[in-house]
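A quick write-up on the structure given underneath.
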Amino acid sequence: MKSQAILTVIGQDRPGIVSAVSQALYNAGCSIEDASMMRLGGYFAIMQVLRYPRDLGSVEAALDSATKKLDLKMHLDPVAPYSGAAEIPPNCRVTVFGADHPGIVAHVTGALAEVGFNIIDLNSHLSGGEDRPVYIMTIQGSAPGGVDAVEAALSSVRAEESVEIRVSPVDTLML
Amino acid sequence: MEALPILTYPDPRLKQTSEAVTQIDGELVAFVGQLKQTMYAGPGGVGIAAPQVGRFQRIVLVDVSPKLKDKCHGFLTLINPRLLEWNGMAVGREGCMSVPDFTGNVIRAEEILVQAQDLNGREHAYEFEGFEARAVQHEMDHLEGLLFLDRLVSRNADLFKRKRYK
């Protein structure tokens with residue numbers, strides 16, 4: 001019987017981080033389940049759900065040399081086992097972009113939360129030049145009231161924040 | 001007539017390239033009838049390819065009318081389909097009867113021109129767009145031994161690609 005844990009690792013981006021961390025996990029007898037790993041600014045972030053066979057201390061010990069060598073910050077927390085069976089697939093995608101300023105994420109996600117929108121995935125990038133920064137965000141999630149309810153909830157945010165907001169259905173084509 | 005059993009991943013036969021149809025006879029027409037029934041019995045019921053039921057011939061069926069009503073070609077039998085032209089790109093979410101319990105984001109052409117034979121052996125050129133184009137491309141991939149899993153994209157990659165195109 002294996003137990004589940006959530007691992008987060010963050011450090012300055014460089015080659016070999018994923019390799020070092022996953023090799024250490026493999027050596028400790030862990031298996032990686034869901035994982036999201038990406039570069040954020042100049043940093044690299046790892047978030048993953050893993051299964052470990054023995055005590056969590058031995059997993060931490062296995063990761064220790066990798067994180068020290070690459071100067072990574074790490075958190076390892078045990079979690080209750082979760083099958084993923086209750087996951088609701090996304091039915092809505094929201095794309096937001098505009099001149100960067102504080103408050104875009106707070107106000108967009110605030111309006112989404114009001115209509116019970118469950119964010120499954122959020123990605124954002126700051127791009128454009130330093131003098132004219134552009135903020136781009138894509139959100140996928142499940143909206144119990146459908147795309148129209150999301151569109152209505154965001155209509156005032158669009159004007160208040162002066163950003164472009166596109167709400168589109170995620171049609172899953174089953175073939 | 002019962003629905004045919006569907007091959008599911010990781011069955012290695014799904015990686016096989018299918019052969020061209022050289023003879024359209026009564027047996028083939030009967031098989032297409034069975035394939036059609038299998039398609040409508042599936043969870044999506046809008047497309048199927050012969051290799052999904054273990055027959056490795058270049059036959060694709062599509063019918064996206066349950067979704068698009070009369071804004072599509074309706075039911076089509078595409079025999080030996082060839083992609084002649086394509087235009088545009090769009091990300092959409094796909095699932096497959098041969099890959100149960102999993103869906104993913106895939107980039108496909110938005111508009112395509114496909115030439116194919118019908119069940120009488122006559123050649124036709126079809127223009128597909130949007131949802132229907134996606135269904136046809138997904139099914140034609142099965143003829144090459146490709147699943148949507150072979151074409152998955154991350155949302156990040158999509159964003160970067162779009163930035164470069166515009």
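Chain labels run A, B, ... following the order of the structure tokens; each chain numbers its residues from 1, and ligands are numbered from 1 in the order shown.
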
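Using only C-alpha atoms, the residues found no farther than 9 Å from range 57-65 of chain A, other than those of its own chain fewer than 4 positions away, are Ala20, Val21, Ser22, Gln23, Ala24, Leu25, Asn27, Ala28, Gly29, Cys30, Tyr52, Lys69, Leu70, Met74 and Leu76 of chain A.
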
Checklist entry - Can you list every residue in range 132-166 of chain A that DSSP puts in strand (DSSP E), as a list in words? => result Pro133, Val134, Tyr135, Ile136, Met137, Thr138, Ile139, Gln140, Gly141, Ser142, Glu164, Ile165 and Arg166 of chain A

To test your reading of the structure, identify every residue in range 91-158 of chain A that backbone DSSP assigns to alpha helix (DSSP H), and report it as a PDB file with N, CA and C atoms, in the first residue's frame.
ATOM      1  N   ILE A 104      -5.758  42.745 -12.355  1.00  0.00           N
ATOM      2  CA  ILE A 104      -6.429  41.993 -13.425  1.00  0.00           C
ATOM      3  C   ILE A 104      -6.841  40.603 -12.931  1.00  0.00           C
ATOM      4  N   VAL A 105      -5.876  39.881 -12.347  1.00  0.00           N
ATOM      5  CA  VAL A 105      -6.157  38.502 -11.927  1.00  0.00           C
ATOM      6  C   VAL A 105      -7.201  38.496 -10.806  1.00  0.00           C
ATOM      7  N   ALA A 106      -7.037  39.405  -9.844  1.00  0.00           N
ATOM      8  CA  ALA A 106      -7.967  39.441  -8.705  1.00  0.00           C
ATOM      9  C   ALA A 106      -9.393  39.706  -9.171  1.00  0.00           C
ATOM     10  N   HIS A 107      -9.569  40.645 -10.090  1.00  0.00           N
ATOM     11  CA  HIS A 107     -10.922  41.004 -10.486  1.00  0.00           C
ATOM     12  C   HIS A 107     -11.551  39.988 -11.437  1.00  0.00           C
ATOM     13  N   VAL A 108     -10.744  39.439 -12.339  1.00  0.00           N
ATOM     14  CA  VAL A 108     -11.283  38.405 -13.238  1.00  0.00           C
ATOM     15  C   VAL A 108     -11.674  37.169 -12.433  1.00  0.00           C
ATOM     16  N   THR A 109     -10.760  36.691 -11.581  1.00  0.00           N
ATOM     17  CA  THR A 109     -11.064  35.459 -10.850  1.00  0.00           C
ATOM     18  C   THR A 109     -12.146  35.691  -9.789  1.00  0.00           C
ATOM     19  N   GLY A 110     -12.230  36.931  -9.286  1.00  0.00           N
ATOM     20  CA  GLY A 110     -13.305  37.254  -8.337  1.00  0.00           C
ATOM     21  C   GLY A 110     -14.665  37.108  -8.993  1.00  0.00           C
ATOM     22  N   ALA A 111     -14.775  37.633 -10.231  1.00  0.00           N
ATOM     23  CA  ALA A 111     -16.044  37.519 -10.957  1.00  0.00           C
ATOM     24  C   ALA A 111     -16.358  36.057 -11.274  1.00  0.00           C
ATOM     25  N   LEU A 112     -15.315  35.292 -11.591  1.00  0.00           N
ATOM     26  CA  LEU A 112     -15.528  33.868 -11.894  1.00  0.00           C
ATOM     27  C   LEU A 112     -16.009  33.110 -10.661  1.00  0.00           C
ATOM     28  N   ALA A 113     -15.399  33.423  -9.518  1.00  0.00           N
ATOM     29  CA  ALA A 113     -15.787  32.735  -8.275  1.00  0.00           C
ATOM     30  C   ALA A 113     -17.252  33.009  -7.921  1.00  0.00           C
ATOM     31  N   GLU A 114     -17.709  34.238  -8.220  1.00  0.00           N
ATOM     32  CA  GLU A 114     -19.114  34.606  -7.942  1.00  0.00           C
ATOM     33  C   GLU A 114     -20.107  33.670  -8.633  1.00  0.00           C
ATOM     34  N   GLY A 146     -22.599  27.489 -17.345  1.00  0.00           N
ATOM     35  CA  GLY A 146     -22.264  27.534 -18.761  1.00  0.00           C
ATOM     36  C   GLY A 146     -21.572  28.827 -19.155  1.00  0.00           C
ATOM     37  N   VAL A 147     -21.262  28.913 -20.449  1.00  0.00           N
ATOM     38  CA  VAL A 147     -20.479  30.017 -20.997  1.00  0.00           C
ATOM     39  C   VAL A 147     -21.213  31.357 -20.857  1.00  0.00           C
ATOM     40  N   ASP A 148     -22.528  31.355 -21.020  1.00  0.00           N
ATOM     41  CA  ASP A 148     -23.288  32.609 -20.967  1.00  0.00           C
ATOM     42  C   ASP A 148     -23.203  33.270 -19.586  1.00  0.00           C
ATOM     43  N   ALA A 149     -23.269  32.448 -18.543  1.00  0.00           N
ATOM     44  CA  ALA A 149     -23.176  32.974 -17.174  1.00  0.00           C
ATOM     45  C   ALA A 149     -21.795  33.584 -16.940  1.00  0.00           C
ATOM     46  N   VAL A 150     -20.772  32.970 -17.487  1.00  0.00           N
ATOM     47  CA  VAL A 150     -19.404  33.481 -17.330  1.00  0.00           C
ATOM     48  C   VAL A 150     -19.266  34.797 -18.077  1.00  0.00           C
ATOM     49  N   GLU A 151     -19.798  34.821 -19.287  1.00  0.00           N
ATOM     50  CA  GLU A 151     -19.758  36.040 -20.109  1.00  0.00           C
ATOM     51  C   GLU A 151     -20.432  37.196 -19.361  1.00  0.00           C
ATOM     52  N   ALA A 152     -21.576  36.933 -18.787  1.00  0.00           N
ATOM     53  CA  ALA A 152     -22.314  37.974 -18.058  1.00  0.00           C
ATOM     54  C   ALA A 152     -21.525  38.450 -16.846  1.00  0.00           C
ATOM     55  N   ALA A 153     -20.903  37.500 -16.137  1.00  0.00           N
ATOM     56  CA  ALA A 153     -20.157  37.854 -14.925  1.00  0.00           C
ATOM     57  C   ALA A 153     -18.947  38.718 -15.244  1.00  0.00           C
ATOM     58  N   LEU A 154     -18.367  38.520 -16.432  1.00  0.00           N
ATOM     59  CA  LEU A 154     -17.132  39.230 -16.766  1.00  0.00           C
ATOM     60  C   LEU A 154     -17.361  40.548 -17.506  1.00  0.00           C
ATOM     61  N   SER A 155     -18.602  40.815 -17.896  1.00  0.00           N
ATOM     62  CA  SER A 155     -18.831  41.979 -18.756  1.00  0.00           C
ATOM     63  C   SER A 155     -18.429  43.291 -18.081  1.00  0.00           C
ATOM     64  N   SER A 156     -18.687  43.416 -16.776  1.00  0.00           N
ATOM     65  CA  SER A 156     -18.308  44.669 -16.116  1.00  0.00           C
ATOM     66  C   SER A 156     -16.799  44.739 -15.888  1.00  0.00           C
ATOM     67  N   VAL A 157     -16.153  43.573 -15.673  1.00  0.00           N
ATOM     68  CA  VAL A 157     -14.704  43.540 -15.449  1.00  0.00           C
ATOM     69  C   VAL A 157     -13.972  44.033 -16.691  1.00  0.00           C
ATOM     70  N   ARG A 158     -14.493  43.647 -17.848  1.00  0.00           N
ATOM     71  CA  ARG A 158     -13.886  44.030 -19.122  1.00  0.00           C
ATOM     72  C   ARG A 158     -13.754  45.560 -19.218  1.00  0.00           C
TER      73      ARG A 158
END

Kindly provide the residues of chain B that approach chain A to within 9 Å, each paired with its closest atom pair and their distance in Å to one decimal, based on only C-alpha atoms, listed by chain and increasing number, as a Markdown table.
| residue | atom | partner | partner_atom | distance |
| --- | --- | --- | --- | --- |
| B:Met39 | CA | A:Leu175 | CA | 8.4 |
| B:Gly42 | CA | A:Leu175 | CA | 8.1 |
| B:Pro43 | CA | A:Met174 | CA | 6.8 |
| B:Gly44 | CA | A:Met174 | CA | 4.4 |
| B:Gly45 | CA | A:Leu175 | CA | 6.6 |
| B:Val46 | CA | A:Leu175 | CA | 6.0 |
| B:Gly47 | CA | A:Leu175 | CA | 5.2 |
| B:Ile48 | CA | A:Leu175 | CA | 6.4 |
| B:Gly92 | CA | A:Asp171 | CA | 7.1 |
| B:Arg93 | CA | A:Thr172 | CA | 4.8 |
| B:Glu94 | CA | A:Leu173 | CA | 4.7 |
| B:Gly95 | CA | A:Met174 | CA | 4.5 |
| B:Cys96 | CA | A:Leu175 | CA | 4.6 |
| B:Met97 | CA | A:Leu175 | CA | 5.9 |
| B:Ser98 | CA | A:Leu175 | CA | 8.5 |
| B:Thr103 | CA | A:Thr172 | CA | 7.5 |
| B:Gly104 | CA | A:Thr172 | CA | 8.6 |
| B:Phe131 | CA | A:Leu173 | CA | 7.9 |
| B:Arg134 | CA | A:Leu173 | CA | 8.4 |
| B:Ala135 | CA | A:Leu175 | CA | 7.0 |
| B:His138 | CA | A:Leu175 | CA | 7.7 |
| B:Glu139 | CA | A:Leu175 | CA | 7.8 |
| B:Arg155 | CA | A:Asn123 | CA | 8.0 |
| B:Asn156 | CA | A:Asn123 | CA | 7.4 |
| B:Leu159 | CA | A:Thr138 | CA | 8.7 |

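Comparing B:Gln34, B:Asp101, B:Lys67, B:Val114 by their smallest distance to Met140 in chain B, the closest is B:Val114 (using only C-alpha atoms).
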
Next on the checklist: Would you pick out the contacts of Pro78 in chain A at 12 Å or less, using only C-alpha atoms, so that residues sharing its chain but fewer than 4 positions from it are not included, and give the list as a PyMOL selection string?
Outcome noted: chain A and resi 2-8+48-52+54-57+59-60+82

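Here CA of Tyr9 in chain B stands at a distance of 5.6 Å from CA of Val99 in chain B.
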
Item to check | Option closest in space to Cys92 in chain A, from A:Lys68, A:Ser127, A:Ile10, A:Ser168 [counting only C-alpha atoms] | outcome: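 Ranked by minimum distance to Cys92 in chain A, first place goes to A:Ser168.
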
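Between CA of Met89 in chain B and CA of Val94 in chain A the separation is 18.5 Å.
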
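The shortest atom-to-atom distance to Ser18 in chain B, with only C-alpha atoms taken into account, belongs to B:Ala50 out of B:Leu149, B:Leu83, B:Gln37, B:Ala50.
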
Next on the checklist: Show me, as number ranges by chain, the residues that have an atom within 12 Å of Gly128 in chain A when counting only C-alpha atoms, minus same-chain residues fewer than 2 positions from it.
Outcome noted: A: 97-100, 125-126, 130-136; B: 163

Only C-alpha atoms, please: the residues just picked out, written as a compact mmCIF listing (two decimals), in the first residue's frame.
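Saved file out_35.txt follows:
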# COMPACT_ATOMS: atom_id res chain seq x y z
CA PHE A 97 -5.06 40.27 -22.29
CA GLY A 98 -4.35 43.94 -21.98
CA ALA A 99 -1.96 46.62 -20.76
CA ASP A 100 -0.48 45.26 -17.55
CA HIS A 125 2.63 35.62 -19.01
CA LEU A 126 3.94 39.11 -18.79
CA GLU A 130 9.29 47.16 -20.37
CA ASP A 131 7.68 50.47 -21.23
CA ARG A 132 4.49 48.82 -22.56
CA PRO A 133 4.01 45.55 -20.65
CA VAL A 134 1.17 43.31 -21.81
CA TYR A 135 -0.44 40.79 -19.49
CA ILE A 136 -1.85 37.60 -21.02
CA LYS B 163 2.18 34.81 -30.42

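CA of Pro53 in chain A sits 28.5 Å away from CA of Ile120 in chain A.
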
Item to check | Nearest to Ala143 in chain A, chosen from A:Val167, A:Gly129, A:Thr95, A:Gly42, with only C-alpha atoms counted in the distances | outcome: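 Selected residue with least distance to Ala143 in chain A: A:Val167.
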